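Asks: PDB, C-alpha atoms, pLDDT in the B column, saved as model.pdb, coming up:
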ATOM      1  CA  MET A   1      78.127  92.333 117.980  1.00 42.00           C
ATOM      2  CA  ASP A   2      78.147  88.951 116.272  1.00 48.00           C
ATOM      3  CA  GLY A   3      80.534  88.183 113.459  1.00 56.00           C
ATOM      4  CA  ASP A   4      83.324  86.022 112.136  1.00 85.00           C
ATOM      5  CA  LEU A   5      85.933  87.971 114.054  1.00 91.00           C
ATOM      6  CA  VAL A   6      85.680  90.445 116.871  1.00 93.00           C
ATOM      7  CA  LEU A   7      88.820  92.220 117.983  1.00 93.00           C
ATOM      8  CA  GLU A   8      89.097  94.798 120.754  1.00 94.00           C
ATOM      9  CA  ILE A   9      92.299  96.806 120.894  1.00 94.00           C
ATOM     10  CA  PRO A  10      93.480  99.747 122.973  1.00 94.00           C
ATOM     11  CA  THR A  11      93.990 103.144 121.410  1.00 95.00           C
ATOM     12  CA  ASP A  12      97.589 102.900 120.264  1.00 94.00           C
ATOM     13  CA  ILE A  13      98.378 104.124 116.772  1.00 92.00           C
ATOM     14  CA  LYS A  14     101.460 101.945 116.690  1.00 90.00           C
ATOM     15  CA  SER A  15      99.223  98.879 116.838  1.00 91.00           C
ATOM     16  CA  ILE A  16      97.166  99.792 113.780  1.00 93.00           C
ATOM     17  CA  THR A  17      99.397  98.024 111.272  1.00 91.00           C
ATOM     18  CA  ALA A  18      99.468  94.819 113.289  1.00 92.00           C
ATOM     19  CA  ALA A  19      95.710  94.897 113.790  1.00 92.00           C
ATOM     20  CA  VAL A  20      95.055  95.425 110.091  1.00 92.00           C
ATOM     21  CA  ASP A  21      97.543  92.678 109.202  1.00 91.00           C
ATOM     22  CA  TYR A  22      95.709  90.288 111.520  1.00 91.00           C
ATOM     23  CA  VAL A  23      92.309  91.138 110.059  1.00 89.00           C
ATOM     24  CA  MET A  24      93.695  90.793 106.545  1.00 87.00           C
ATOM     25  CA  SER A  25      95.152  87.380 107.417  1.00 85.00           C
ATOM     26  CA  ARG A  26      91.654  86.239 108.240  1.00 82.00           C
ATOM     27  CA  CYS A  27      90.487  87.270 104.795  1.00 78.00           C
ATOM     28  CA  VAL A  28      92.864  85.216 102.698  1.00 65.00           C
ATOM     29  CA  SER A  29      90.259  82.570 102.130  1.00 57.00           C
ATOM     30  CA  CYS A  30      87.902  85.106 100.605  1.00 57.00           C
ATOM     31  CA  GLU A  31      87.490  84.930  96.889  1.00 56.00           C
ATOM     32  CA  VAL A  32      88.158  88.615  96.421  1.00 55.00           C
ATOM     33  CA  GLN A  33      90.326  90.062  93.764  1.00 68.00           C
ATOM     34  CA  ALA A  34      93.681  90.280  95.488  1.00 78.00           C
ATOM     35  CA  ARG A  35      94.327  93.921  94.652  1.00 79.00           C
ATOM     36  CA  ARG A  36      90.921  95.089  95.838  1.00 83.00           C
ATOM     37  CA  LEU A  37      91.470  93.264  99.080  1.00 84.00           C
ATOM     38  CA  ASN A  38      95.065  94.296  99.609  1.00 84.00           C
ATOM     39  CA  LEU A  39      94.578  97.903  98.585  1.00 90.00           C
ATOM     40  CA  ASN A  40      90.944  98.896  98.929  1.00 92.00           C
ATOM     41  CA  PHE A  41      90.041  96.968 102.058  1.00 92.00           C
ATOM     42  CA  ARG A  42      93.392  97.350 103.765  1.00 92.00           C
ATOM     43  CA  VAL A  43      93.486 101.104 103.203  1.00 94.00           C
ATOM     44  CA  GLY A  44      89.855 101.565 104.207  1.00 95.00           C
ATOM     45  CA  LEU A  45      90.284  99.584 107.398  1.00 95.00           C
ATOM     46  CA  THR A  46      93.512 101.345 108.285  1.00 95.00           C
ATOM     47  CA  GLU A  47      91.914 104.755 107.827  1.00 96.00           C
ATOM     48  CA  ALA A  48      88.874 103.734 109.869  1.00 97.00           C
ATOM     49  CA  LEU A  49      91.092 102.542 112.713  1.00 96.00           C
ATOM     50  CA  THR A  50      93.205 105.676 112.600  1.00 95.00           C
ATOM     51  CA  ASN A  51      90.126 107.886 112.724  1.00 96.00           C
ATOM     52  CA  ALA A  52      88.656 105.868 115.582  1.00 97.00           C
ATOM     53  CA  MET A  53      91.818 106.133 117.654  1.00 96.00           C
ATOM     54  CA  MET A  54      92.954 109.654 116.812  1.00 94.00           C
ATOM     55  CA  TYR A  55      89.645 111.456 116.548  1.00 94.00           C
ATOM     56  CA  GLY A  56      87.032 109.185 118.080  1.00 96.00           C
ATOM     57  CA  ASN A  57      89.000 108.207 121.157  1.00 97.00           C
ATOM     58  CA  GLY A  58      91.144 111.334 121.141  1.00 96.00           C
ATOM     59  CA  ALA A  59      94.309 109.204 121.273  1.00 95.00           C
ATOM     60  CA  ASP A  60      93.330 108.230 124.814  1.00 96.00           C
ATOM     61  CA  PRO A  61      95.088 104.906 125.553  1.00 96.00           C
ATOM     62  CA  SER A  62      92.479 104.043 128.162  1.00 96.00           C
ATOM     63  CA  LYS A  63      89.832 103.827 125.451  1.00 97.00           C
ATOM     64  CA  ASN A  64      89.410 100.874 123.144  1.00 97.00           C
ATOM     65  CA  VAL A  65      88.398 100.288 119.567  1.00 97.00           C
ATOM     66  CA  VAL A  66      86.341  97.276 118.561  1.00 97.00           C
ATOM     67  CA  ILE A  67      86.696  95.743 115.100  1.00 97.00           C
ATOM     68  CA  GLU A  68      84.171  93.258 113.837  1.00 96.00           C
ATOM     69  CA  LEU A  69      84.764  91.369 110.600  1.00 94.00           C
ATOM     70  CA  VAL A  70      81.982  89.500 108.842  1.00 93.00           C
ATOM     71  CA  MET A  71      82.835  87.414 105.802  1.00 87.00           C
ATOM     72  CA  GLY A  72      79.432  87.052 104.256  1.00 81.00           C
ATOM     73  CA  GLU A  73      78.284  85.623 100.993  1.00 78.00           C
ATOM     74  CA  GLY A  74      79.389  87.973  98.284  1.00 80.00           C
ATOM     75  CA  GLN A  75      80.939  90.565 100.543  1.00 87.00           C
ATOM     76  CA  LEU A  76      83.393  91.406 103.246  1.00 90.00           C
ATOM     77  CA  GLN A  77      82.218  93.737 106.008  1.00 94.00           C
ATOM     78  CA  ALA A  78      84.187  95.410 108.768  1.00 96.00           C
ATOM     79  CA  THR A  79      82.748  97.533 111.548  1.00 97.00           C
ATOM     80  CA  VAL A  80      84.968  99.788 113.628  1.00 98.00           C
ATOM     81  CA  ARG A  81      83.568 101.281 116.832  1.00 98.00           C
ATOM     82  CA  ASP A  82      85.267 103.756 119.156  1.00 97.00           C
ATOM     83  CA  GLN A  83      84.325 105.040 122.600  1.00 97.00           C
ATOM     84  CA  GLY A  84      84.049 108.657 121.582  1.00 96.00           C
ATOM     85  CA  VAL A  85      81.035 110.922 121.377  1.00 95.00           C
ATOM     86  CA  GLY A  86      80.797 110.580 117.610  1.00 93.00           C
ATOM     87  CA  PHE A  87      80.858 113.105 114.812  1.00 93.00           C
ATOM     88  CA  ASP A  88      78.956 114.146 111.722  1.00 93.00           C
ATOM     89  CA  PRO A  89      80.643 112.490 108.722  1.00 92.00           C
ATOM     90  CA  THR A  90      78.900 114.869 106.352  1.00 92.00           C
ATOM     91  CA  SER A  91      80.796 117.733 107.955  1.00 92.00           C
ATOM     92  CA  VAL A  92      84.134 116.634 106.505  1.00 92.00           C
ATOM     93  CA  PRO A  93      84.848 118.674 103.375  1.00 94.00           C
ATOM     94  CA  ASP A  94      85.936 117.150 100.098  1.00 95.00           C
ATOM     95  CA  PRO A  95      89.747 117.247 100.165  1.00 96.00           C
ATOM     96  CA  THR A  96      90.003 117.156  96.385  1.00 96.00           C
ATOM     97  CA  LEU A  97      88.365 120.545  95.889  1.00 96.00           C
ATOM     98  CA  PRO A  98      90.855 123.258  94.901  1.00 94.00           C
ATOM     99  CA  GLU A  99      90.218 125.211  98.087  1.00 95.00           C
ATOM    100  CA  ASN A 100      90.972 122.129 100.199  1.00 95.00           C
ATOM    101  CA  ILE A 101      93.730 120.346  98.351  1.00 94.00           C
ATOM    102  CA  SER A 102      96.501 122.047 100.305  1.00 93.00           C
ATOM    103  CA  ARG A 103      94.977 121.147 103.637  1.00 93.00           C
ATOM    104  CA  PRO A 104      96.959 118.545 105.581  1.00 91.00           C
ATOM    105  CA  CYS A 105      93.895 116.596 106.781  1.00 89.00           C
ATOM    106  CA  GLY A 106      90.563 115.214 105.660  1.00 89.00           C
ATOM    107  CA  ARG A 107      91.668 112.443 103.309  1.00 95.00           C
ATOM    108  CA  GLY A 108      90.992 109.425 105.514  1.00 95.00           C
ATOM    109  CA  LEU A 109      87.226 109.440 105.204  1.00 96.00           C
ATOM    110  CA  PHE A 110      87.496 110.376 101.541  1.00 96.00           C
ATOM    111  CA  LEU A 111      89.686 107.342 100.823  1.00 96.00           C
ATOM    112  CA  MET A 112      87.308 105.062 102.700  1.00 96.00           C
ATOM    113  CA  ARG A 113      84.427 106.265 100.530  1.00 96.00           C
ATOM    114  CA  GLU A 114      86.419 106.019  97.311  1.00 96.00           C
ATOM    115  CA  LEU A 115      87.811 102.553  97.892  1.00 95.00           C
ATOM    116  CA  LEU A 116      84.962 100.696  99.561  1.00 96.00           C
ATOM    117  CA  ASP A 117      81.627  99.784  98.040  1.00 96.00           C
ATOM    118  CA  GLU A 118      79.672 100.984 101.049  1.00 97.00           C
ATOM    119  CA  VAL A 119      80.572 103.134 104.031  1.00 97.00           C
ATOM    120  CA  TRP A 120      78.043 104.076 106.644  1.00 97.00           C
ATOM    121  CA  TYR A 121      78.047 105.453 110.175  1.00 97.00           C
ATOM    122  CA  ASN A 122      75.690 104.819 113.031  1.00 96.00           C
ATOM    123  CA  ASP A 123      73.521 107.744 114.170  1.00 96.00           C
ATOM    124  CA  GLN A 124      75.976 108.735 116.886  1.00 95.00           C
ATOM    125  CA  GLY A 125      78.912 108.761 114.496  1.00 96.00           C
ATOM    126  CA  ASN A 126      81.231 106.586 116.565  1.00 97.00           C
ATOM    127  CA  GLU A 127      80.836 103.417 114.516  1.00 97.00           C
ATOM    128  CA  VAL A 128      81.631 102.970 110.857  1.00 98.00           C
ATOM    129  CA  THR A 129      80.859  99.992 108.667  1.00 98.00           C
ATOM    130  CA  LEU A 130      82.886  99.249 105.554  1.00 97.00           C
ATOM    131  CA  VAL A 131      81.736  96.872 102.847  1.00 96.00           C
ATOM    132  CA  LEU A 132      83.722  95.412  99.978  1.00 93.00           C
ATOM    133  CA  ARG A 133      81.664  93.402  97.507  1.00 89.00           C
ATOM    134  CA  LEU A 134      83.170  90.385  95.895  1.00 76.00           C
ATOM    135  CA  GLU A 135      81.269  90.698  92.662  1.00 62.00           C
ATOM    136  CA  SER A 136      82.267  94.300  91.899  1.00 47.00           C
ATOM    137  CA  GLY A 137      84.178  94.590  88.692  1.00 41.00           C
ATOM    138  CA  GLY A 138      87.253  96.801  88.388  1.00 36.00           C
ATOM    139  CA  ALA A 139      90.005  97.316  90.889  1.00 36.00           C
ATOM    140  CA  PHE A 140      88.870 100.627  92.335  1.00 37.00           C
ATOM    141  CA  GLU A 141      85.127 100.733  92.152  1.00 37.00           C
ATOM    142  CA  GLY A 142      83.623 102.233  95.215  1.00 42.00           C
ATOM    143  CA  SER A 143      82.490 105.821  95.527  1.00 46.00           C
ATOM    144  CA  ALA A 144      80.441 104.973  98.591  1.00 61.00           C
ATOM    145  CA  SER A 145      78.645 107.703 100.410  1.00 46.00           C
ATOM    146  CA  ALA A 146      78.222 107.871 104.153  1.00 48.00           C
TER     147      ALA A 146
ATOM    148  CA  MET B 147     110.009 103.761 108.937  1.00 90.00           C
ATOM    149  CA  SER B 148     113.459 105.178 108.421  1.00 92.00           C
ATOM    150  CA  PHE B 149     114.920 107.596 105.935  1.00 93.00           C
ATOM    151  CA  GLN B 150     118.315 108.393 104.518  1.00 95.00           C
ATOM    152  CA  VAL B 151     119.270 111.951 103.682  1.00 96.00           C
ATOM    153  CA  SER B 152     121.884 112.809 101.105  1.00 96.00           C
ATOM    154  CA  LYS B 153     122.824 115.702  98.871  1.00 95.00           C
ATOM    155  CA  VAL B 154     122.938 115.446  95.119  1.00 95.00           C
ATOM    156  CA  ASN B 155     124.398 118.692  93.851  1.00 92.00           C
ATOM    157  CA  ASP B 156     122.182 121.203  95.642  1.00 94.00           C
ATOM    158  CA  VAL B 157     119.185 118.904  95.990  1.00 97.00           C
ATOM    159  CA  THR B 158     118.371 117.206  99.282  1.00 97.00           C
ATOM    160  CA  LEU B 159     117.405 113.614  98.567  1.00 97.00           C
ATOM    161  CA  ILE B 160     115.377 111.815 101.217  1.00 97.00           C
ATOM    162  CA  GLU B 161     114.922 108.095 100.663  1.00 97.00           C
ATOM    163  CA  VAL B 162     112.136 106.687 102.793  1.00 97.00           C
ATOM    164  CA  GLU B 163     112.113 103.053 103.811  1.00 95.00           C
ATOM    165  CA  GLY B 164     108.976 101.488 105.205  1.00 94.00           C
ATOM    166  CA  GLN B 165     105.454 102.794 105.633  1.00 92.00           C
ATOM    167  CA  LEU B 166     104.759 106.496 106.061  1.00 93.00           C
ATOM    168  CA  ILE B 167     101.835 106.472 108.474  1.00 91.00           C
ATOM    169  CA  VAL B 168     100.255 108.278 111.403  1.00 89.00           C
ATOM    170  CA  GLY B 169     102.683 106.786 113.891  1.00 86.00           C
ATOM    171  CA  ASN B 170     105.865 107.988 112.232  1.00 90.00           C
ATOM    172  CA  ARG B 171     105.000 110.888 109.970  1.00 92.00           C
ATOM    173  CA  GLN B 172     106.295 113.458 112.422  1.00 92.00           C
ATOM    174  CA  GLU B 173     109.821 112.039 112.168  1.00 94.00           C
ATOM    175  CA  LEU B 174     109.939 112.640 108.450  1.00 95.00           C
ATOM    176  CA  LYS B 175     108.310 116.041 108.808  1.00 96.00           C
ATOM    177  CA  GLN B 176     110.823 117.203 111.375  1.00 96.00           C
ATOM    178  CA  GLY B 177     113.710 115.819 109.388  1.00 95.00           C
ATOM    179  CA  VAL B 178     112.725 117.817 106.328  1.00 97.00           C
ATOM    180  CA  LEU B 179     111.929 120.939 108.319  1.00 97.00           C
ATOM    181  CA  ASP B 180     115.366 120.800 109.934  1.00 96.00           C
ATOM    182  CA  LYS B 181     116.945 120.801 106.484  1.00 97.00           C
ATOM    183  CA  LEU B 182     114.684 123.630 105.359  1.00 96.00           C
ATOM    184  CA  GLU B 183     115.716 125.629 108.374  1.00 96.00           C
ATOM    185  CA  ASN B 184     119.349 125.050 107.441  1.00 95.00           C
ATOM    186  CA  GLY B 185     118.718 126.628 104.055  1.00 96.00           C
ATOM    187  CA  ASP B 186     117.986 123.659 101.828  1.00 97.00           C
ATOM    188  CA  LEU B 187     115.319 124.553  99.280  1.00 97.00           C
ATOM    189  CA  LYS B 188     115.287 121.714  96.760  1.00 97.00           C
ATOM    190  CA  PHE B 189     113.941 118.412  97.976  1.00 98.00           C
ATOM    191  CA  VAL B 190     113.223 115.014  96.472  1.00 98.00           C
ATOM    192  CA  ILE B 191     111.509 112.391  98.595  1.00 98.00           C
ATOM    193  CA  ASP B 192     111.950 108.962  97.069  1.00 98.00           C
ATOM    194  CA  PHE B 193     109.536 106.146  97.901  1.00 98.00           C
ATOM    195  CA  ALA B 194     111.185 103.228  96.104  1.00 97.00           C
ATOM    196  CA  ASN B 195     111.184 101.285  99.378  1.00 96.00           C
ATOM    197  CA  THR B 196     107.794 102.415 100.644  1.00 96.00           C
ATOM    198  CA  GLY B 197     104.799 100.171 100.249  1.00 91.00           C
ATOM    199  CA  TYR B 198     102.169 102.306 101.903  1.00 92.00           C
ATOM    200  CA  ILE B 199     101.367 105.893 102.819  1.00 94.00           C
ATOM    201  CA  ASP B 200      98.234 106.576 104.839  1.00 93.00           C
ATOM    202  CA  SER B 201      96.191 109.768 104.793  1.00 95.00           C
ATOM    203  CA  SER B 202      98.300 111.200 107.623  1.00 94.00           C
ATOM    204  CA  GLY B 203     101.417 110.591 105.580  1.00 95.00           C
ATOM    205  CA  LEU B 204      99.806 112.265 102.590  1.00 96.00           C
ATOM    206  CA  GLY B 205      98.944 115.179 104.833  1.00 96.00           C
ATOM    207  CA  VAL B 206     102.530 115.562 105.966  1.00 96.00           C
ATOM    208  CA  LEU B 207     103.715 115.648 102.376  1.00 97.00           C
ATOM    209  CA  VAL B 208     101.133 118.333 101.605  1.00 97.00           C
ATOM    210  CA  SER B 209     102.191 120.328 104.638  1.00 96.00           C
ATOM    211  CA  LEU B 210     105.874 120.046 103.752  1.00 97.00           C
ATOM    212  CA  SER B 211     105.237 121.033 100.169  1.00 96.00           C
ATOM    213  CA  LYS B 212     103.459 124.162 101.326  1.00 95.00           C
ATOM    214  CA  LYS B 213     106.186 125.164 103.769  1.00 96.00           C
ATOM    215  CA  ILE B 214     108.926 124.569 101.233  1.00 97.00           C
ATOM    216  CA  ARG B 215     107.102 126.583  98.591  1.00 96.00           C
ATOM    217  CA  GLU B 216     106.598 129.418 101.057  1.00 96.00           C
ATOM    218  CA  GLN B 217     110.387 129.580 101.381  1.00 96.00           C
ATOM    219  CA  GLY B 218     110.815 129.665  97.634  1.00 96.00           C
ATOM    220  CA  GLY B 219     111.750 126.027  97.282  1.00 97.00           C
ATOM    221  CA  GLU B 220     110.259 122.906  95.746  1.00 97.00           C
ATOM    222  CA  LEU B 221     109.449 119.385  96.854  1.00 97.00           C
ATOM    223  CA  ARG B 222     109.266 116.576  94.327  1.00 97.00           C
ATOM    224  CA  LEU B 223     108.368 112.950  94.835  1.00 98.00           C
ATOM    225  CA  SER B 224     109.636 109.861  93.076  1.00 97.00           C
ATOM    226  CA  SER B 225     109.303 106.097  92.745  1.00 97.00           C
ATOM    227  CA  LEU B 226     105.699 105.687  93.824  1.00 97.00           C
ATOM    228  CA  ASN B 227     104.522 102.132  93.288  1.00 96.00           C
ATOM    229  CA  GLU B 228     101.227 101.408  91.572  1.00 94.00           C
ATOM    230  CA  ASP B 229      99.201 101.445  94.784  1.00 94.00           C
ATOM    231  CA  LEU B 230     100.697 104.722  95.950  1.00 96.00           C
ATOM    232  CA  ARG B 231     100.093 106.253  92.537  1.00 96.00           C
ATOM    233  CA  THR B 232      96.463 105.249  92.883  1.00 95.00           C
ATOM    234  CA  LEU B 233      96.143 106.959  96.264  1.00 96.00           C
ATOM    235  CA  PHE B 234      97.692 110.132  94.886  1.00 97.00           C
ATOM    236  CA  GLU B 235      95.379 110.084  91.881  1.00 97.00           C
ATOM    237  CA  LEU B 236      92.265 109.433  93.945  1.00 96.00           C
ATOM    238  CA  THR B 237      93.062 112.330  96.257  1.00 97.00           C
ATOM    239  CA  LYS B 238      94.175 114.490  93.321  1.00 97.00           C
ATOM    240  CA  LEU B 239      97.520 115.014  94.981  1.00 97.00           C
ATOM    241  CA  ASP B 240      99.111 114.067  91.688  1.00 96.00           C
ATOM    242  CA  THR B 241      98.128 117.590  90.645  1.00 95.00           C
ATOM    243  CA  LEU B 242      99.868 119.149  93.612  1.00 94.00           C
ATOM    244  CA  PHE B 243     103.200 117.373  93.341  1.00 96.00           C
ATOM    245  CA  ARG B 244     105.689 116.844  90.578  1.00 96.00           C
ATOM    246  CA  ILE B 245     106.057 113.059  90.645  1.00 97.00           C
ATOM    247  CA  ALA B 246     108.783 111.178  88.803  1.00 96.00           C
ATOM    248  CA  ASP B 247     109.020 107.491  88.077  1.00 96.00           C
ATOM    249  CA  GLN B 248     112.605 107.337  89.313  1.00 96.00           C
ATOM    250  CA  LYS B 249     114.635 109.513  91.659  1.00 95.00           C
ATOM    251  CA  ASP B 250     117.165 110.380  88.960  1.00 95.00           C
ATOM    252  CA  GLN B 251     114.390 111.957  86.925  1.00 95.00           C
ATOM    253  CA  ALA B 252     113.197 113.920  89.951  1.00 95.00           C
ATOM    254  CA  LEU B 253     116.700 115.195  90.658  1.00 96.00           C
ATOM    255  CA  GLU B 254     117.065 116.664  87.185  1.00 92.00           C
ATOM    256  CA  GLY B 255     116.019 120.109  86.121  1.00 78.00           C
ATOM    257  CA  PHE B 256     115.523 121.907  89.403  1.00 80.00           C
TER     258      PHE B 256
END
How does the structure come out when it is put into structure tokens?

Replies:
Amino acid sequence: MDGDLVLEIPTDIKSITAAVDYVMSRCVSCEVQARRLNLNFRVGLTEALTNAMMYGNGADPSKNVVIELVMGEGQLQATVRDQGVGFDPTSVPDPTLPENISRPCGRGLFLMRELLDEVWYNDQGNEVTLVLRLESGGAFEGSASA
Amino acid sequence: MSFQVSKVNDVTLIEVEGQLIVGNRQELKQGVLDKLENGDLKFVIDFANTGYIDSSGLGVLVSLSKKIREQGGELRLSSLNEDLRTLFELTKLDTLFRIADQKDQALEGF
């Protein structure tokens, strides 16, 4: 994968914060509304990394996660790829429905879709791409669909 | 992440410091469950010193709320900053929890 930044990290949930901090530090030069960057992108990336490590790689420390950041004209794009077999993102139920709201899981993907402008998976389901557009208006526009 | 536990009248106040995320959520969960097992039924978790809660952290709060309610108790939250409020509103968890601006407000009226 080509991009402005490519980072490969082992599956270690305790490293997620540091990895996200490092990626975010590379974005400071972007002309993105600070809150959208610090909330929307940070949360989306953190959730994508968590999903990749916990579910994609099954918390297996011998497996890695690759993060690619591309700071393009008008948008910021991050791709997170794990070494798992993939999954069907459409199979995750909406956690905001009354029958699901008391469930302890299922909010990571939902938050990614709500906070980022675009979220899409590869066919296998082991790679997710997150896009935050610079020209989008309000602080929490997103509602992407995968 | 760390948390301080204290008692205010008959309410167990848990003040979280730091991020509540996938790597540390079990500590908080076990801490609250231990108190529940000891008979505490009224809980306030205060997030005045918490900048971020990920979806795993939200899940633990949901799970705790359910367990506490099953025992006839109640869990309230307090002092969510603007970003945390947004996450709760997006996930509609603001409808599941009683959330106060300050811990003193949450401690009242159990």

Asks: Contacts between chain A and chain B, please, where a residue of chain B counts if it comes within 12 Å (with only C-alpha atoms); show its shortest atom pair and distance in Å to one decimal, rows by chain and ascending number, as a tab-separated table.

Replies:
residue	atom	partner	partner_atom	distance
B:Met147	CA	A:Lys14	CA	11.7
B:Gly164	CA	A:Thr17	CA	11.9
B:Gln165	CA	A:Thr17	CA	9.6
B:Leu166	CA	A:Thr17	CA	11.3
B:Ile167	CA	A:Thr17	CA	9.2
B:Val168	CA	A:Ile13	CA	7.0
B:Gly169	CA	A:Lys14	CA	5.7
B:Asn170	CA	A:Lys14	CA	8.7
B:Arg171	CA	A:Ile13	CA	11.7
B:Gly197	CA	A:Leu39	CA	10.6
B:Tyr198	CA	A:Val43	CA	8.9
B:Ile199	CA	A:Val43	CA	9.2
B:Asp200	CA	A:Glu47	CA	7.2
B:Ser201	CA	A:Gly108	CA	5.3
B:Ser202	CA	A:Cys105	CA	7.0
B:Gly203	CA	A:Pro104	CA	9.1
B:Leu204	CA	A:Pro104	CA	7.5
B:Gly205	CA	A:Pro104	CA	4.0
B:Val206	CA	A:Pro104	CA	6.3
B:Leu207	CA	A:Pro104	CA	8.0
B:Val208	CA	A:Pro104	CA	5.8
B:Ser209	CA	A:Pro104	CA	5.6
B:Leu210	CA	A:Pro104	CA	9.2
B:Ser211	CA	A:Ser102	CA	8.8
B:Lys212	CA	A:Ser102	CA	7.3
B:Lys213	CA	A:Ser102	CA	10.7
B:Arg215	CA	A:Ser102	CA	11.7
B:Glu228	CA	A:Leu39	CA	10.3
B:Asp229	CA	A:Leu39	CA	7.0
B:Leu230	CA	A:Leu39	CA	9.5
B:Arg231	CA	A:Leu39	CA	11.7
B:Thr232	CA	A:Phe140	CA	8.9
B:Leu233	CA	A:Leu111	CA	7.9
B:Phe234	CA	A:Leu111	CA	10.4
B:Glu235	CA	A:Thr96	CA	10.0
B:Leu236	CA	A:Glu114	CA	7.6
B:Thr237	CA	A:Thr96	CA	5.7
B:Lys238	CA	A:Thr96	CA	5.8
B:Leu239	CA	A:Ile101	CA	7.4
B:Asp240	CA	A:Ile101	CA	10.6
B:Thr241	CA	A:Ile101	CA	9.3
B:Leu242	CA	A:Ile101	CA	7.8
B:Phe243	CA	A:Ser102	CA	10.7

Asks: Please enumerate the residues selected by the PyMOL selection byres ((chain B and resi 180-194) around 6) when evaluated against the supplied file, formatted as a list in words.

Replies: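 Checked against the file, the PyMOL selection byres ((chain B and resi 180-194) around 6) matches Val157, Thr158, Leu159, Ile160, Glu161, Val162, Gln176, Gly177, Val178, Leu179, Asn195, Thr196, Gly219, Glu220, Leu221, Arg222, Leu223, Ser224, Ser225 and Leu226 of chain B.
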
Asks: In Å, with one decimal, what is the gap from CA of Asn122 (chain A) to CA of Met53 (chain A)?

Replies: 16.8 Å

Asks: Provide the CA of Val66 (chain A) to CA of Leu7 (chain A) distance in Å, to one decimal place.

Replies: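 Atom-to-atom, CA of Val66 (chain A) and CA of Leu7 (chain A) are spaced 5.7 Å apart.
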
Asks: Applying 9 Å and all atoms listed in the file, which residues near Val80 (chain A) remain after dropping the ones on its own chain fewer than 6 positions away? List them as a ChimeraX atom specification.

Replies: /A:45,48-49,52,65-69,126-130

Asks: Could you tell me how far CA of Ala18 (chain A) sits from CA of Asp117 (chain A), in Å to one decimal place?

Replies: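 For CA of Asp117 (chain A) relative to CA of Ala18 (chain A), the distance reads 24.0 Å.
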
Asks: Step by step, work through what the PyMOL selection byres ((chain A and resi 27) around 12) selects in the shown file, and finish by giving those residues as a ChimeraX atom specification.

Replies: /A:4-5,20-26,28-34,36-38,41-42,69-72,75-78,132,134

Asks: For each of B:Phe256, B:Ile214, B:Lys249, B:Arg244, take the minimum atom-to-atom distance to Lys175 (chain B), counting only C-alpha atoms, then give the residue where this is smallest.

Replies: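 Ranked by minimum distance to Lys175 (chain B), first place goes to B:Ile214.
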
Asks: Smallest atom-to-atom distance to Arg81 (chain A): which of A:Glu118, A:Asp60, A:Glu99, A:Glu8, using only C-alpha atoms?

Replies: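 Using only C-alpha atoms, the shortest distance to Arg81 (chain A) belongs to A:Glu8.
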
Asks: Because some atoms of region 76-87 of chain A are absent here, can you restore N, CA and C atoms and send them as a compact mmCIF listing (two decimals), in the coordinates of the input?

Replies:
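The result, written out as result.txt:
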# COMPACT_ATOMS: atom_id res chain seq x y z
N LEU A 76 82.58 91.35 102.05
CA LEU A 76 83.39 91.41 103.25
C LEU A 76 82.99 92.68 103.97
N GLN A 77 82.70 92.57 105.26
CA GLN A 77 82.22 93.74 106.01
C GLN A 77 83.01 93.89 107.30
N ALA A 78 83.48 95.11 107.53
CA ALA A 78 84.19 95.41 108.77
C ALA A 78 83.50 96.58 109.45
N THR A 79 83.31 96.45 110.74
CA THR A 79 82.75 97.53 111.55
C THR A 79 83.77 97.95 112.58
N VAL A 80 84.00 99.24 112.68
CA VAL A 80 84.97 99.79 113.63
C VAL A 80 84.23 100.74 114.56
N ARG A 81 84.31 100.48 115.87
CA ARG A 81 83.57 101.28 116.83
C ARG A 81 84.53 101.84 117.87
N ASP A 82 84.43 103.15 118.11
CA ASP A 82 85.27 103.76 119.16
C ASP A 82 84.40 104.16 120.34
N GLN A 83 85.04 104.67 121.38
CA GLN A 83 84.32 105.04 122.60
C GLN A 83 84.15 106.55 122.72
N GLY A 84 84.21 107.21 121.58
CA GLY A 84 84.05 108.66 121.58
C GLY A 84 82.60 109.08 121.47
N VAL A 85 82.39 110.38 121.41
CA VAL A 85 81.04 110.92 121.38
C VAL A 85 80.45 110.93 119.97
N GLY A 86 81.29 110.61 118.98
CA GLY A 86 80.80 110.58 117.61
C GLY A 86 80.99 111.90 116.91
N PHE A 87 80.74 111.88 115.60
CA PHE A 87 80.86 113.10 114.81
C PHE A 87 79.92 113.01 113.63
